[in-house]
Structure formats: C-alpha cells, structure tokens
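Peer 1: Have a peek at coords24.txt (compact mmCIF, C-alpha atoms).
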```
# COMPACT_ATOMS: atom_id res chain seq x y z
CA HIS F 1476 -15.96 114.67 -25.47
CA GLU F 1477 -19.56 115.91 -25.69
CA ALA F 1478 -19.37 116.41 -29.46
CA LEU F 1479 -18.83 112.70 -30.04
CA VAL F 1480 -21.79 111.30 -28.18
CA ALA F 1481 -24.94 110.74 -30.23
CA PRO F 1482 -27.26 113.60 -29.23
CA ARG F 1483 -30.33 112.20 -27.48
CA ALA F 1484 -32.30 115.36 -28.24
CA TYR F 1485 -32.68 114.33 -31.88
CA ILE F 1486 -33.75 110.72 -31.31
CA GLY F 1487 -37.38 110.36 -32.34
CA CYS F 1488 -37.98 114.11 -32.69
CA LYS F 1489 -36.15 115.21 -35.82
CA HIS F 1490 -39.25 117.05 -37.00
CA ASN F 1491 -38.93 119.46 -34.08
CA ARG F 1492 -35.80 120.94 -35.67
CA GLN F 1493 -37.46 121.35 -39.04
CA THR F 1494 -40.69 123.04 -38.00
CA ILE F 1495 -41.04 126.40 -36.31
CA GLY F 1496 -44.66 126.74 -35.17
CA ILE F 1497 -46.61 129.77 -34.07
CA ASP F 1498 -46.05 129.04 -30.39
CA LYS F 1499 -42.30 128.92 -30.88
CA MET F 1500 -42.33 132.17 -32.83
CA MET F 1501 -44.35 133.81 -30.06
CA ARG F 1502 -41.91 132.56 -27.47
CA SER F 1503 -39.05 133.97 -29.53
CA LEU F 1504 -40.74 137.36 -29.69
CA ALA F 1505 -41.53 137.29 -25.99
CA PHE F 1506 -37.89 136.54 -25.31
CA LEU F 1507 -36.87 139.84 -26.86
CA SER F 1508 -37.70 141.58 -23.57
CA CYS F 1509 -35.35 139.32 -21.62
CA VAL F 1510 -31.59 139.17 -21.24
CA ARG F 1511 -29.43 136.07 -21.09
CA ALA F 1512 -25.72 135.98 -20.27
CA PHE F 1513 -23.74 136.92 -23.36
CA THR F 1514 -21.18 134.25 -24.13
CA ALA F 1515 -19.67 135.33 -27.46
CA PRO F 1516 -15.86 135.69 -27.54
CA ARG F 1517 -14.79 138.81 -25.68
CA THR F 1518 -12.71 140.07 -28.60
CA ASN F 1519 -15.82 140.14 -30.81
CA VAL F 1520 -17.72 142.16 -28.23
CA GLN F 1521 -14.84 144.62 -27.87
CA ARG F 1522 -14.60 144.99 -31.66
CA ALA F 1523 -18.32 145.70 -31.94
CA LEU F 1524 -18.24 148.20 -29.10
CA ALA F 1525 -15.20 149.92 -30.62
CA LEU F 1526 -17.38 150.80 -33.60
CA ARG F 1527 -19.64 152.67 -31.18
CA ALA F 1528 -16.79 154.66 -29.62
CA GLY F 1529 -18.65 157.96 -30.07
CA ASP F 1530 -21.83 156.78 -28.37
CA ALA F 1531 -22.88 157.81 -24.89
CA PRO F 1532 -22.34 155.11 -22.22
CA ASP F 1533 -26.05 154.24 -22.09
CA ASP F 1534 -26.16 153.91 -25.88
CA LYS F 1535 -23.24 151.48 -25.81
CA THR F 1536 -25.09 149.43 -23.22
CA LEU F 1537 -28.25 149.43 -25.33
CA PHE F 1538 -26.20 148.40 -28.38
CA ALA F 1539 -24.66 145.54 -26.40
CA LEU F 1540 -28.15 144.52 -25.26
CA GLY F 1541 -29.22 144.36 -28.90
CA VAL F 1542 -26.25 142.16 -29.75
CA ASN F 1543 -27.15 139.95 -26.80
CA VAL F 1544 -30.73 139.55 -28.03
CA ALA F 1545 -29.51 138.85 -31.57
CA THR F 1546 -27.41 135.91 -30.35
CA GLN F 1547 -30.68 134.12 -29.67
CA LEU F 1548 -31.60 134.42 -33.35
CA ASN F 1549 -28.71 132.55 -34.93
CA ASP F 1550 -31.05 130.52 -37.16
CA ILE F 1551 -32.18 133.76 -38.78
CA ARG F 1552 -28.61 134.84 -39.43
CA THR F 1553 -27.84 131.43 -40.93
CA LEU F 1554 -30.95 130.90 -43.05
CA PHE F 1555 -31.68 134.36 -44.41
CA LYS F 1556 -29.84 136.64 -46.81
CA LYS F 1557 -28.30 139.89 -45.65
CA GLU F 1558 -30.80 141.91 -47.69
CA GLU F 1559 -33.70 140.10 -45.96
CA ILE F 1560 -32.57 140.95 -42.44
CA PRO F 1561 -33.88 144.58 -42.40
CA LYS F 1562 -37.45 143.39 -43.04
CA ILE F 1563 -37.14 140.87 -40.18
CA VAL F 1564 -35.75 143.61 -37.92
CA GLU F 1565 -38.68 145.80 -38.99
CA GLY F 1566 -41.06 143.23 -37.56
CA ILE F 1567 -39.06 143.00 -34.33
CA THR F 1568 -39.03 146.79 -34.03
CA ALA F 1569 -42.78 146.96 -34.60
CA TYR F 1570 -43.37 144.59 -31.70
CA LEU F 1571 -40.87 146.20 -29.32
CA SER F 1572 -42.17 149.71 -30.06
CA LYS F 1573 -45.74 148.49 -29.47
CA GLU F 1574 -46.80 149.29 -33.01
CA VAL F 1575 -47.87 145.64 -32.95
CA VAL F 1576 -49.44 145.25 -29.51
CA ASP F 1577 -50.75 141.72 -29.95
CA PRO F 1578 -48.60 139.54 -32.25
CA LYS F 1579 -51.11 136.69 -32.30
CA PRO F 1580 -53.21 137.83 -35.31
CA VAL F 1581 -50.10 138.35 -37.43
CA LEU F 1582 -48.70 134.98 -36.49
CA VAL F 1583 -52.02 133.18 -37.02
CA GLU F 1584 -52.31 134.70 -40.48
CA GLN F 1585 -48.71 134.00 -41.47
CA GLY F 1586 -48.04 130.88 -39.38
CA ASN F 1587 -48.19 128.37 -42.24
CA ALA F 1588 -46.13 130.62 -44.47
CA ILE F 1589 -43.51 130.96 -41.73
CA ASN F 1590 -43.34 127.19 -41.32
CA GLN F 1591 -42.97 126.62 -45.05
CA LEU F 1592 -40.31 129.28 -45.44
CA ILE F 1593 -38.22 127.98 -42.53
CA GLN F 1594 -38.51 124.38 -43.73
CA GLN F 1595 -37.48 125.34 -47.26
CA ARG F 1596 -34.48 127.32 -46.04
CA MET F 1597 -33.38 124.58 -43.64
CA ALA F 1598 -33.71 121.90 -46.31
CA SER F 1599 -31.71 124.02 -48.75
CA ALA F 1600 -28.99 124.67 -46.15
CA ILE F 1601 -28.73 120.94 -45.38
CA ASP F 1602 -28.53 120.04 -49.08
CA ASP F 1603 -25.76 122.60 -49.61
CA GLU F 1604 -23.87 121.27 -46.58
CA LYS F 1605 -24.17 117.70 -47.82
CA ALA F 1606 -22.89 118.69 -51.27
CA ARG F 1607 -19.82 120.33 -49.73
CA GLY F 1608 -19.36 117.27 -47.53
CA ALA F 1609 -19.49 114.90 -50.49
CA GLU F 1610 -16.66 116.85 -52.13
CA ALA F 1611 -14.62 116.66 -48.93
CA VAL F 1612 -15.19 112.90 -48.64
CA ALA F 1613 -14.12 112.37 -52.25
CA ALA F 1614 -10.97 114.43 -51.71
CA ALA F 1615 -10.10 112.53 -48.53
CA ALA F 1616 -10.67 109.17 -50.24
CA ALA F 1617 -8.31 110.18 -53.06
CA VAL F 1618 -5.37 110.63 -50.66
CA GLU F 1619 -2.77 107.90 -51.07
CA GLY F 1620 -3.16 105.27 -48.36
CA ALA F 1621 -6.69 106.33 -47.39
CA GLU F 1622 -9.49 103.74 -47.30
CA GLN F 1623 -13.21 104.29 -47.77
CA THR F 1624 -15.62 101.81 -46.24
CA LYS F 1625 -19.12 100.84 -47.39
CA SER F 1626 -20.64 103.32 -44.94
CA GLY F 1627 -18.76 106.20 -46.54
CA LEU F 1628 -16.20 106.60 -43.75
CA VAL F 1629 -12.73 107.56 -44.95
CA ILE F 1630 -9.84 106.54 -42.71
CA GLU F 1631 -6.21 107.39 -43.28
CA HIS F 1632 -3.77 105.69 -40.92
CA VAL F 1633 -1.10 108.21 -39.97
CA LYS F 1634 0.64 105.90 -37.51
CA ASP F 1635 0.00 102.18 -37.17
CA GLY F 1636 -0.61 100.78 -33.73
CA ILE F 1637 0.48 97.34 -32.56
CA GLY F 1638 -1.82 96.89 -29.58
CA PRO F 1639 -5.31 95.36 -29.46
CA PHE F 1640 -8.27 96.43 -31.59
CA PRO F 1641 -11.29 97.82 -29.73
CA THR F 1642 -14.71 96.20 -30.11
CA THR F 1643 -18.17 97.67 -29.58
CA ALA F 1644 -17.90 96.36 -26.02
CA SER F 1645 -14.64 98.20 -25.35
CA THR F 1646 -13.87 101.30 -23.36
CA VAL F 1647 -11.07 103.40 -24.82
CA SER F 1648 -8.83 106.35 -24.02
CA VAL F 1649 -8.16 108.71 -26.92
CA HIS F 1650 -6.84 112.09 -27.88
CA TYR F 1651 -8.65 113.77 -30.76
CA VAL F 1652 -9.27 117.02 -32.58
CA GLY F 1653 -12.59 117.42 -34.38
CA THR F 1654 -13.07 119.92 -37.20
CA LEU F 1655 -15.58 120.94 -39.82
CA ILE F 1656 -14.48 120.52 -43.44
CA ASP F 1657 -13.30 124.16 -43.47
CA GLY F 1658 -10.91 123.41 -40.61
CA THR F 1659 -12.96 125.04 -37.84
CA VAL F 1660 -12.27 123.17 -34.58
CA PHE F 1661 -15.47 122.25 -32.74
CA ASP F 1662 -14.02 119.89 -30.13
CA SER F 1663 -10.57 118.88 -28.94
CA SER F 1664 -9.34 116.73 -26.08
CA ARG F 1665 -5.86 118.13 -26.73
CA ALA F 1666 -7.09 121.66 -26.12
CA ARG F 1667 -8.54 120.49 -22.80
CA GLY F 1668 -5.20 118.92 -21.91
CA GLU F 1669 -6.47 115.47 -21.04
CA PRO F 1670 -7.52 112.35 -22.99
CA ALA F 1671 -11.16 111.39 -23.32
CA GLN F 1672 -12.44 108.04 -22.08
CA PHE F 1673 -15.69 106.49 -23.27
CA ALA F 1674 -17.40 103.27 -24.28
CA VAL F 1675 -17.18 102.66 -28.03
CA LYS F 1676 -20.93 102.04 -28.29
CA GLN F 1677 -21.65 105.50 -26.86
CA VAL F 1678 -20.22 107.50 -29.76
CA ILE F 1679 -21.44 108.34 -33.26
CA LYS F 1680 -21.49 105.51 -35.82
CA GLY F 1681 -18.52 106.84 -37.77
CA TRP F 1682 -16.38 106.74 -34.65
CA GLN F 1683 -17.57 103.26 -33.68
CA GLU F 1684 -16.54 101.94 -37.07
CA ALA F 1685 -13.23 103.81 -37.20
CA LEU F 1686 -12.09 102.76 -33.74
CA GLN F 1687 -12.55 99.10 -34.62
CA LEU F 1688 -10.23 99.61 -37.60
CA MET F 1689 -7.47 101.01 -35.36
CA GLN F 1690 -5.03 99.36 -32.99
CA GLU F 1691 -3.89 100.69 -29.67
CA GLY F 1692 -1.06 103.15 -30.19
CA GLY F 1693 -2.26 104.15 -33.66
CA THR F 1694 -3.26 107.53 -35.05
CA ALA F 1695 -5.70 108.09 -37.92
CA LYS F 1696 -7.46 110.85 -39.80
CA LEU F 1697 -11.19 110.34 -40.22
CA THR F 1698 -13.63 111.96 -42.63
CA ILE F 1699 -17.15 111.11 -41.53
CA PRO F 1700 -20.23 111.81 -43.70
CA ALA F 1701 -23.34 113.19 -42.03
CA ASP F 1702 -25.21 109.88 -42.32
CA ILE F 1703 -22.83 108.29 -39.80
CA ALA F 1704 -22.20 111.47 -37.83
CA TYR F 1705 -25.00 113.84 -36.73
CA GLY F 1706 -27.32 113.58 -39.72
CA ASP F 1707 -29.66 116.34 -40.82
CA GLY F 1708 -30.08 117.58 -37.25
CA GLY F 1709 -26.41 118.40 -36.72
CA SER F 1710 -25.23 119.19 -33.22
CA PRO F 1711 -25.98 122.89 -32.62
CA PRO F 1712 -24.48 125.34 -32.32
CA ASN F 1713 -21.16 124.04 -33.64
CA ILE F 1714 -22.04 121.34 -36.18
CA PRO F 1715 -24.55 122.26 -38.92
CA GLY F 1716 -27.23 119.88 -40.15
CA GLY F 1717 -25.92 117.60 -42.89
CA ALA F 1718 -22.29 118.30 -42.02
CA THR F 1719 -19.38 116.01 -42.83
CA ILE F 1720 -16.92 116.16 -39.96
CA CYS F 1721 -13.23 115.33 -39.65
CA PHE F 1722 -11.09 114.03 -36.81
CA GLU F 1723 -7.51 113.22 -36.05
CA VAL F 1724 -7.63 110.44 -33.48
CA GLU F 1725 -4.89 108.87 -31.40
CA LEU F 1726 -5.99 105.61 -29.77
CA LEU F 1727 -3.99 105.76 -26.56
CA LYS F 1728 -5.37 102.74 -24.76
CA VAL F 1729 -7.99 100.03 -25.11
CA LEU F 1730 -9.04 99.95 -21.48
CA THR F 1731 -11.46 97.00 -21.72
CA GLY F 1732 -12.60 94.46 -24.27
CA GLY F 1733 -9.74 94.63 -26.80
CA VAL F 1734 -8.90 91.79 -29.18
CA GLY F 1735 -5.65 90.74 -30.88
CA GLY F 1736 -2.44 92.73 -31.08
CA LEU F 1737 0.32 93.02 -28.53
CA ILE F 1738 -0.13 94.05 -24.92
CA LEU F 1739 1.64 97.40 -24.61
```
Would you put the structure from the file into structure tokens?

Peer 2:
Amino acid sequence: HEALVAPRAYIGCKHNRQTIGIDKMMRSLAFLSCVRAFTAPRTNVQRALALRAGDAPDDKTLFALGVNVATQLNDIRTLFKKEEIPKIVEGITAYLSKEVVDPKPVLVEQGNAINQLIQQRMASAIDDEKARGAEAVAAAAAVEGAEQTKSGLVIEHVKDGIGPFPTTASTVSVHYVGTLIDGTVFDSSRARGEPAQFAVKQVIKGWQEALQLMQEGGTAKLTIPADIAYGDGGSPPNIPGGATICFEVELLKVLTGGVGGLIL
C-alpha cells in the first residue's frame, strides 16, 4: 500500500521538485554514459524493437540502450512538446559526440533560463492537472447518494457496513483499487491478492477522513482532491503533481481502536 502513505520525501523540501539547478543538469548529462536496468513493460520494448527489425543486432542493442537512457528523462517527455524534443536531443548528441567537451560553460550561461523554463512548465502542468481534477470532483459530487465534505473529499457509499467506525488511532484492514481520474490504476491490493493493513494516521489526509466515515464491512468510492492527497509534488512516477485520485475501498476489519457499530 505504498501509494497511500504520505511521501516523506516531499515534507519540507517541496522546492526541490520545482527547481532543476545546474548541478542536477550536469548529473543528468553525466548519467547519459551509464546504463540502469530497464524496467518498462516487456511488450513495449518488443514493440519498439519490432520497428527496428531490419537493423543489425548491434544496432538493435544500441537502439535499446537509447530507449533505456531516455527512461531517465521522463520529466522532459512530460513537460515539453513533441516539436521541442529534437532540439533537446541535439544538445544531448552534441555532448555525447564530444562536440561539447565541457558542458559547464553552457550550463552556467543558461542555468537561470533552464530553471525558469522548468518551473514554468511544471507550474503549468500542475495547474492543468488541478483543473481536470476539479471537473472530476464536481462530477463525482453530482452522483446521486454521493457526499462532499468541507475538505473537498467526495465519498459515495456503495455498500453500508454495520461494524465499528475507525478513528485516527485505529489500525485497519482494507482492500482497495486506486486510479487516476482517467481510470489508470496506480495501486491495488486486489491485484496483489491480499488486503493491506495500516494505521489510519499513516495514510494521506483524504483516506484518514474517508475511513472515519465508513463502518467495518462497508465499501465506498472516494474522489480525493490533490490538497488532501499528494499535493503539487504528486507521487512519482505514477501520480502527477496536482492530481485528483480515486479509490474504491472495502473496509474489511477495524483491527484496533474502533468505535460504535456491531461486533462482526
């Protein structure tokens, strides 16, 4: 249930995700000579390699190496337009081919401009994500039987429970499926084949609030705005900054600290 727990990496250091300094850019360029295990879905790799069917074996390997390197540059793919990518690749090629032997002068000259550009693109991407999320929240709140709380959480009870309510001091056992607003699954206890157990106070604010509105044995659909989910930082690589996220949650058992209801 890693996706539920508030990410410690963003506490007190949000600015680190919004600023790409010269040192980081230099590390990124230096990384281009290294290889890390490629973890993209196998079918995607096979599809890409199929397009290179006429290449010599070494060329296919070099192509795969390029794909591997590119996986480390996901922010570029996300933040920049398709027509801007060739100019970025031109800079990478200049460094790798030793046309640019020492990248430091270029980065010193353009460092502030790089920072500003990245910050602008990230801010724009977050604003767009929040706008899409607001539409999703409004649609969820309009569903008959759904309730929206002061925090913005929308909860729709699919099945009422009759057991105890959790508190912030409780430990619970749940099954859940978490999705982005487009339906992309980013986490699922059901896919893993076993319920998740955790303390209520450990999870994101939207979950803490929702669980206390449920009774043991109940199932609910949640739509959680970014402000009570992962905020502007998101939870890379699966949850973008500013994202509204959705869950279907089955509260299987209040293991400790429940109040009211019947003992099941």

Peer 1: For Val1660 (chain F), find every residue with an atom within 12 Å (counting only C-alpha atoms), except residues of its own chain fewer than 6 positions away, and show them as a JSON list (two decimals) with C-alpha atoms, in the coordinates of the input.

Peer 2:
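In the end it all went to part-v5.json:
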```
[["chain", "number", "residue", "atom", "x", "y", "z"],
["F", 1478, "ALA", "CA", -19.37, 116.41, -29.46],
["F", 1651, "TYR", "CA", -8.65, 113.77, -30.76],
["F", 1652, "VAL", "CA", -9.27, 117.02, -32.58],
["F", 1653, "GLY", "CA", -12.59, 117.42, -34.38],
["F", 1654, "THR", "CA", -13.07, 119.92, -37.20],
["F", 1666, "ALA", "CA", -7.09, 121.66, -26.12],
["F", 1713, "ASN", "CA", -21.16, 124.04, -33.64],
["F", 1714, "ILE", "CA", -22.04, 121.34, -36.18],
["F", 1720, "ILE", "CA", -16.92, 116.16, -39.96],
["F", 1721, "CYS", "CA", -13.23, 115.33, -39.65],
["F", 1722, "PHE", "CA", -11.09, 114.03, -36.81],
["F", 1723, "GLU", "CA", -7.51, 113.22, -36.05]]
```

Peer 1: Using all atoms listed in the file for the distances, tell me which of F:Gly1620, F:Asn1590, F:Glu1691, F:Gly1541 is nearest to Thr1568 (chain F).

Peer 2: F:Gly1541

Peer 1: Set the distance at 9 Å and use all atoms listed in the file: which residues neighbour region 1591-1601 of chain F once local chain neighbours fewer than 4 positions away are removed? I'd like the list as a short mmCIF file (atom, residue, chain, number, x, y, z; two decimals) with C-alpha atoms, in the coordinates of the input.

Peer 2:
```
data_model
loop_
_atom_site.label_atom_id
_atom_site.label_comp_id
_atom_site.auth_asym_id
_atom_site.auth_seq_id
_atom_site.Cartn_x
_atom_site.Cartn_y
_atom_site.Cartn_z
CA GLN F 1493 -37.46 121.35 -39.04
CA THR F 1494 -40.69 123.04 -38.00
CA ILE F 1495 -41.04 126.40 -36.31
CA THR F 1553 -27.84 131.43 -40.93
CA LEU F 1554 -30.95 130.90 -43.05
CA PHE F 1555 -31.68 134.36 -44.41
CA GLY F 1586 -48.04 130.88 -39.38
CA ASN F 1587 -48.19 128.37 -42.24
CA LYS F 1605 -24.17 117.70 -47.82
CA ALA F 1606 -22.89 118.69 -51.27
CA ASP F 1707 -29.66 116.34 -40.82
CA GLY F 1708 -30.08 117.58 -37.25
CA PRO F 1715 -24.55 122.26 -38.92
CA GLY F 1716 -27.23 119.88 -40.15
CA GLY F 1717 -25.92 117.60 -42.89
CA ALA F 1718 -22.29 118.30 -42.02
#
```

Peer 1: Here is a test: counting all atoms listed in the file, which residue of F:Val1629, F:Leu1548, F:Ile1679, F:Ile1567 is nearest to Ile1699 (chain F)?

Peer 2: F:Val1629
